[in-house]
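Below is final-v2.cif, holding mmCIF, C-alpha atoms.
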data_target
loop_
_atom_site.label_atom_id
_atom_site.label_comp_id
_atom_site.auth_asym_id
_atom_site.auth_seq_id
_atom_site.Cartn_x
_atom_site.Cartn_y
_atom_site.Cartn_z
CA MET A 267 -14.08 0.19 1.05
CA LYS A 268 -11.08 -2.06 0.49
CA LEU A 269 -7.61 -1.03 1.68
CA ALA A 270 -4.26 -2.14 0.24
CA ILE A 271 -1.46 -2.17 2.79
CA THR A 272 2.17 -2.88 1.93
CA ALA A 273 3.47 -5.54 4.30
CA THR A 274 6.57 -7.59 5.11
CA GLY A 275 4.45 -10.65 5.93
CA GLN A 276 1.11 -12.29 5.28
CA ASP A 277 -0.90 -11.42 8.38
CA LEU A 278 -2.04 -8.47 10.45
CA ASP A 279 0.91 -8.84 12.86
CA ALA A 280 3.38 -8.17 10.03
CA ASP A 281 5.21 -4.88 9.79
CA LEU A 282 4.23 -2.38 7.15
CA ASP A 283 6.70 -2.52 4.26
CA PRO A 284 7.78 1.06 3.51
CA ARG A 285 8.27 0.36 -0.24
CA PHE A 286 5.18 0.41 -2.39
CA GLY A 287 6.42 -1.03 -5.69
CA ARG A 288 8.82 -3.50 -4.15
CA CYS A 289 6.95 -4.49 -0.99
CA ASN A 290 6.93 -8.19 -0.13
CA PHE A 291 3.15 -8.49 0.17
CA PHE A 292 -0.04 -6.52 -0.22
CA ILE A 293 -2.70 -7.09 2.37
CA PHE A 294 -6.11 -6.28 0.90
CA ILE A 295 -8.56 -5.75 3.73
CA ASP A 296 -12.08 -4.57 4.43
CA PRO A 297 -11.55 -2.44 7.57
CA ASP A 298 -15.16 -2.92 8.67
CA THR A 299 -15.20 -6.73 8.67
CA MET A 300 -11.41 -7.23 8.92
CA ASP A 301 -11.65 -9.88 6.19
CA PHE A 302 -8.37 -9.87 4.32
CA VAL A 303 -6.21 -11.64 1.79
CA ALA A 304 -2.42 -11.42 1.53
CA VAL A 305 -0.99 -11.41 -1.98
CA SER A 306 2.67 -11.78 -2.84
CA ASN A 307 4.03 -8.83 -4.81
CA ASN A 308 5.89 -10.23 -7.80
CA ALA A 309 6.89 -6.78 -9.07
CA SER A 310 10.61 -6.42 -8.40
CA ALA A 311 12.37 -5.46 -11.61
CA GLY A 312 11.89 -2.44 -13.85
CA GLY A 313 8.35 -1.11 -13.80
CA ALA A 314 7.71 -2.35 -10.27
CA GLY A 315 5.65 0.70 -9.31
CA ILE A 316 3.42 0.42 -12.35
CA ALA A 317 2.90 -3.34 -11.91
CA ALA A 318 2.19 -2.95 -8.19
CA GLY A 319 -0.25 -0.12 -8.88
CA GLN A 320 -2.06 -2.24 -11.45
CA MET A 321 -2.32 -5.08 -8.92
CA VAL A 322 -3.91 -2.76 -6.36
CA VAL A 323 -6.44 -1.56 -8.94
CA LYS A 324 -7.16 -5.16 -10.04
CA TYR A 325 -7.97 -6.15 -6.45
CA GLY A 326 -10.39 -3.23 -6.13
CA ALA A 327 -8.66 -1.27 -3.38
CA LYS A 328 -9.66 2.38 -3.03
CA VAL A 329 -6.98 3.27 -0.47
CA VAL A 330 -3.25 2.50 -0.28
CA LEU A 331 -1.36 2.71 3.01
CA THR A 332 2.42 2.60 2.61
CA GLY A 333 5.70 4.24 3.55
CA ASP A 334 6.55 5.80 0.18
CA CYS A 335 5.05 5.93 -3.30
CA GLY A 336 6.98 6.88 -6.43
CA PRO A 337 5.76 8.80 -9.46
CA ASN A 338 4.94 5.85 -11.74
CA ALA A 339 2.88 4.05 -9.11
CA PHE A 340 1.24 7.30 -8.04
CA GLN A 341 0.16 7.99 -11.61
CA VAL A 342 -1.46 4.54 -11.98
CA LEU A 343 -3.23 4.84 -8.62
CA SER A 344 -4.39 8.42 -9.18
CA ALA A 345 -5.81 7.54 -12.60
CA ALA A 346 -7.91 4.83 -10.90
CA ASP A 347 -9.10 7.20 -8.13
CA VAL A 348 -7.17 5.33 -5.42
CA ASP A 349 -6.26 7.49 -2.41
CA VAL A 350 -2.63 7.14 -1.33
CA TYR A 351 -1.39 7.63 2.22
CA THR A 352 2.37 7.66 2.82
CA GLY A 353 4.60 8.07 5.86
CA VAL A 354 2.84 5.10 7.42
CA SER A 355 4.71 2.64 9.65
CA GLY A 356 4.13 0.00 12.34
CA LYS A 357 2.24 -3.26 12.50
CA VAL A 358 -0.47 -3.75 9.87
CA LYS A 359 -3.18 -4.11 12.54
CA ASP A 360 -2.11 -0.81 14.12
CA VAL A 361 -2.03 0.89 10.71
CA ILE A 362 -5.65 -0.17 10.15
CA ASN A 363 -6.71 1.20 13.54
CA ASN A 364 -4.87 4.47 12.89
CA PHE A 365 -6.54 4.77 9.48
CA LYS A 366 -9.97 4.22 11.03
CA ALA A 367 -9.14 6.92 13.61
CA GLY A 368 -8.31 9.38 10.81
CA LYS A 369 -4.64 9.73 11.72
CA TYR A 370 -3.33 9.74 8.12
CA LYS A 371 -3.63 12.24 5.28
CA THR A 372 -3.74 11.54 1.56
CA ILE A 373 -0.95 12.79 -0.66
CA SER A 374 -1.41 14.80 -3.84
CA LYS A 375 1.95 13.94 -5.42
CA PRO A 376 4.56 11.15 -5.18
CA SER A 377 6.51 11.02 -1.92
CA VAL A 378 9.79 9.87 -3.54
CA ARG A 379 11.56 9.88 -6.90
CA THR A 380 11.60 7.03 -9.40
CA HIS A 381 13.50 3.84 -8.35
CA HIS A 382 13.56 4.86 -4.67
CA GLY A 383 13.01 1.35 -3.26
CA GLN A 384 15.38 -0.39 -5.65
CA ALA A 385 18.39 -2.13 -4.12
CA ALA A 386 21.76 -0.70 -5.05
#
Encoding of this model in structure tokens:
Amino acid sequence: MKLAITATGQDLDADLDPRFGRCNFFIFIDPDTMDFVAVSNNASAGGAGIAAGQMVVKYGAKVVLTGDCGPNAFQVLSAADVDVYTGVSGKVKDVINNFKAGKYKTISKPSVRTHHGQAA
């Protein structure tokens, strides 16, 4: 099962980026082998949540680990049967270990309103 983790950097020592749609990078990782690829998130303007959600689906992730997820992104991910875990923080490598240990719970609705991560 492939995970998508929102990150501030391109490796497992990076911090988790709390914004789903406007995160700096997605780290797509197989938690069993720890093989991963970091992909820059180019979604930053209007529709960022939708574009980011589509990227996650395109890369075949079945789980998203992030700080918050808005309604547009949540809709895209839910339609593709991607489980979303929010309220996550810390280093990416620690997030993976916590996920493996079952410390997170999936959400059944968006954790924030539309445009939550957008700069003022």
Using all atoms listed in the file, what table do you get, as a tab-separated table, when you list each residue of segment 286-365 of chain A with an atom no more than 12 Å from segment 369-379 of chain A, its nearest pair of atoms, and their distance in Å rounded to one decimal, rows by chain then rising number?
residue	atom	partner	partner_atom	distance
A:Phe286	CA	A:Val378	CA	10.6
A:Gly287	CA	A:Val378	CA	11.6
A:Gly315	CA	A:Arg379	CA	11.2
A:Lys328	CA	A:Thr372	CA	11.8
A:Val329	CA	A:Thr372	CA	9.1
A:Val330	CA	A:Thr372	CA	9.2
A:Leu331	CA	A:Tyr370	CA	8.9
A:Thr332	CA	A:Ser377	CA	10.4
A:Gly333	CA	A:Ser377	CA	8.7
A:Asp334	CA	A:Ser377	CA	5.6
A:Cys335	CA	A:Ser377	CA	5.5
A:Gly336	CA	A:Val378	CA	5.0
A:Pro337	CA	A:Pro376	CA	5.0
A:Asn338	CA	A:Pro376	CA	8.4
A:Ala339	CA	A:Pro376	CA	8.3
A:Phe340	CA	A:Pro376	CA	5.8
A:Gln341	CA	A:Pro376	CA	8.4
A:Val342	CA	A:Pro376	CA	11.2
A:Leu343	CA	A:Pro376	CA	10.6
A:Ser344	CA	A:Ser374	CA	8.8
A:Asp347	CA	A:Ser374	CA	11.6
A:Val348	CA	A:Thr372	CA	10.0
A:Asp349	CA	A:Thr372	CA	6.2
A:Val350	CA	A:Thr372	CA	5.4
A:Tyr351	CA	A:Thr372	CA	4.6
A:Thr352	CA	A:Ile373	CA	7.0
A:Gly353	CA	A:Tyr370	CA	8.4
A:Val354	CA	A:Tyr370	CA	7.8
A:Ser355	CA	A:Tyr370	CA	10.8
A:Asp360	CA	A:Lys369	CA	11.1
A:Val361	CA	A:Lys369	CA	9.3
A:Ile362	CA	A:Lys369	CA	10.1
A:Asn363	CA	A:Lys369	CA	9.0
A:Asn364	CA	A:Lys369	CA	5.4
A:Phe365	CA	A:Lys369	CA	5.8
Take the PyMOL selection byres ((chain A and resi 304) around 12), apply it to the structure above, and return the hits as a compact mmCIF listing (two decimals) with C-alpha atoms, in the frame of the given file.
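Result file is out-v2.txt:
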# COMPACT_ATOMS: atom_id res chain seq x y z
CA LEU A 269 -7.61 -1.03 1.68
CA ALA A 270 -4.26 -2.14 0.24
CA ILE A 271 -1.46 -2.17 2.79
CA THR A 272 2.17 -2.88 1.93
CA ALA A 273 3.47 -5.54 4.30
CA THR A 274 6.57 -7.59 5.11
CA GLY A 275 4.45 -10.65 5.93
CA GLN A 276 1.11 -12.29 5.28
CA ASP A 277 -0.90 -11.42 8.38
CA LEU A 278 -2.04 -8.47 10.45
CA ALA A 280 3.38 -8.17 10.03
CA CYS A 289 6.95 -4.49 -0.99
CA ASN A 290 6.93 -8.19 -0.13
CA PHE A 291 3.15 -8.49 0.17
CA PHE A 292 -0.04 -6.52 -0.22
CA ILE A 293 -2.70 -7.09 2.37
CA PHE A 294 -6.11 -6.28 0.90
CA ILE A 295 -8.56 -5.75 3.73
CA ASP A 301 -11.65 -9.88 6.19
CA PHE A 302 -8.37 -9.87 4.32
CA VAL A 303 -6.21 -11.64 1.79
CA VAL A 305 -0.99 -11.41 -1.98
CA SER A 306 2.67 -11.78 -2.84
CA ASN A 307 4.03 -8.83 -4.81
CA VAL A 322 -3.91 -2.76 -6.36
CA TYR A 325 -7.97 -6.15 -6.45
CA VAL A 358 -0.47 -3.75 9.87
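Using only C-alpha atoms for every distance, the candidate list A:Met267, A:Asp283, A:Arg288, A:Lys359 yields A:Arg288 as the residue closest to Ala318 of chain A.
For the pair atom CA of Gln320 of chain A and atom CA of Ala367 of chain A, the separation is 27.6 Å.
A straight line drawn from atom CA of Asp298 of chain A to atom CA of Lys268 of chain A is 9.2 Å long.
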Q) In Å, how far is it from atom CA of Gly313 of chain A to atom CA of Asp281 of chain A? A) 24.1 Å
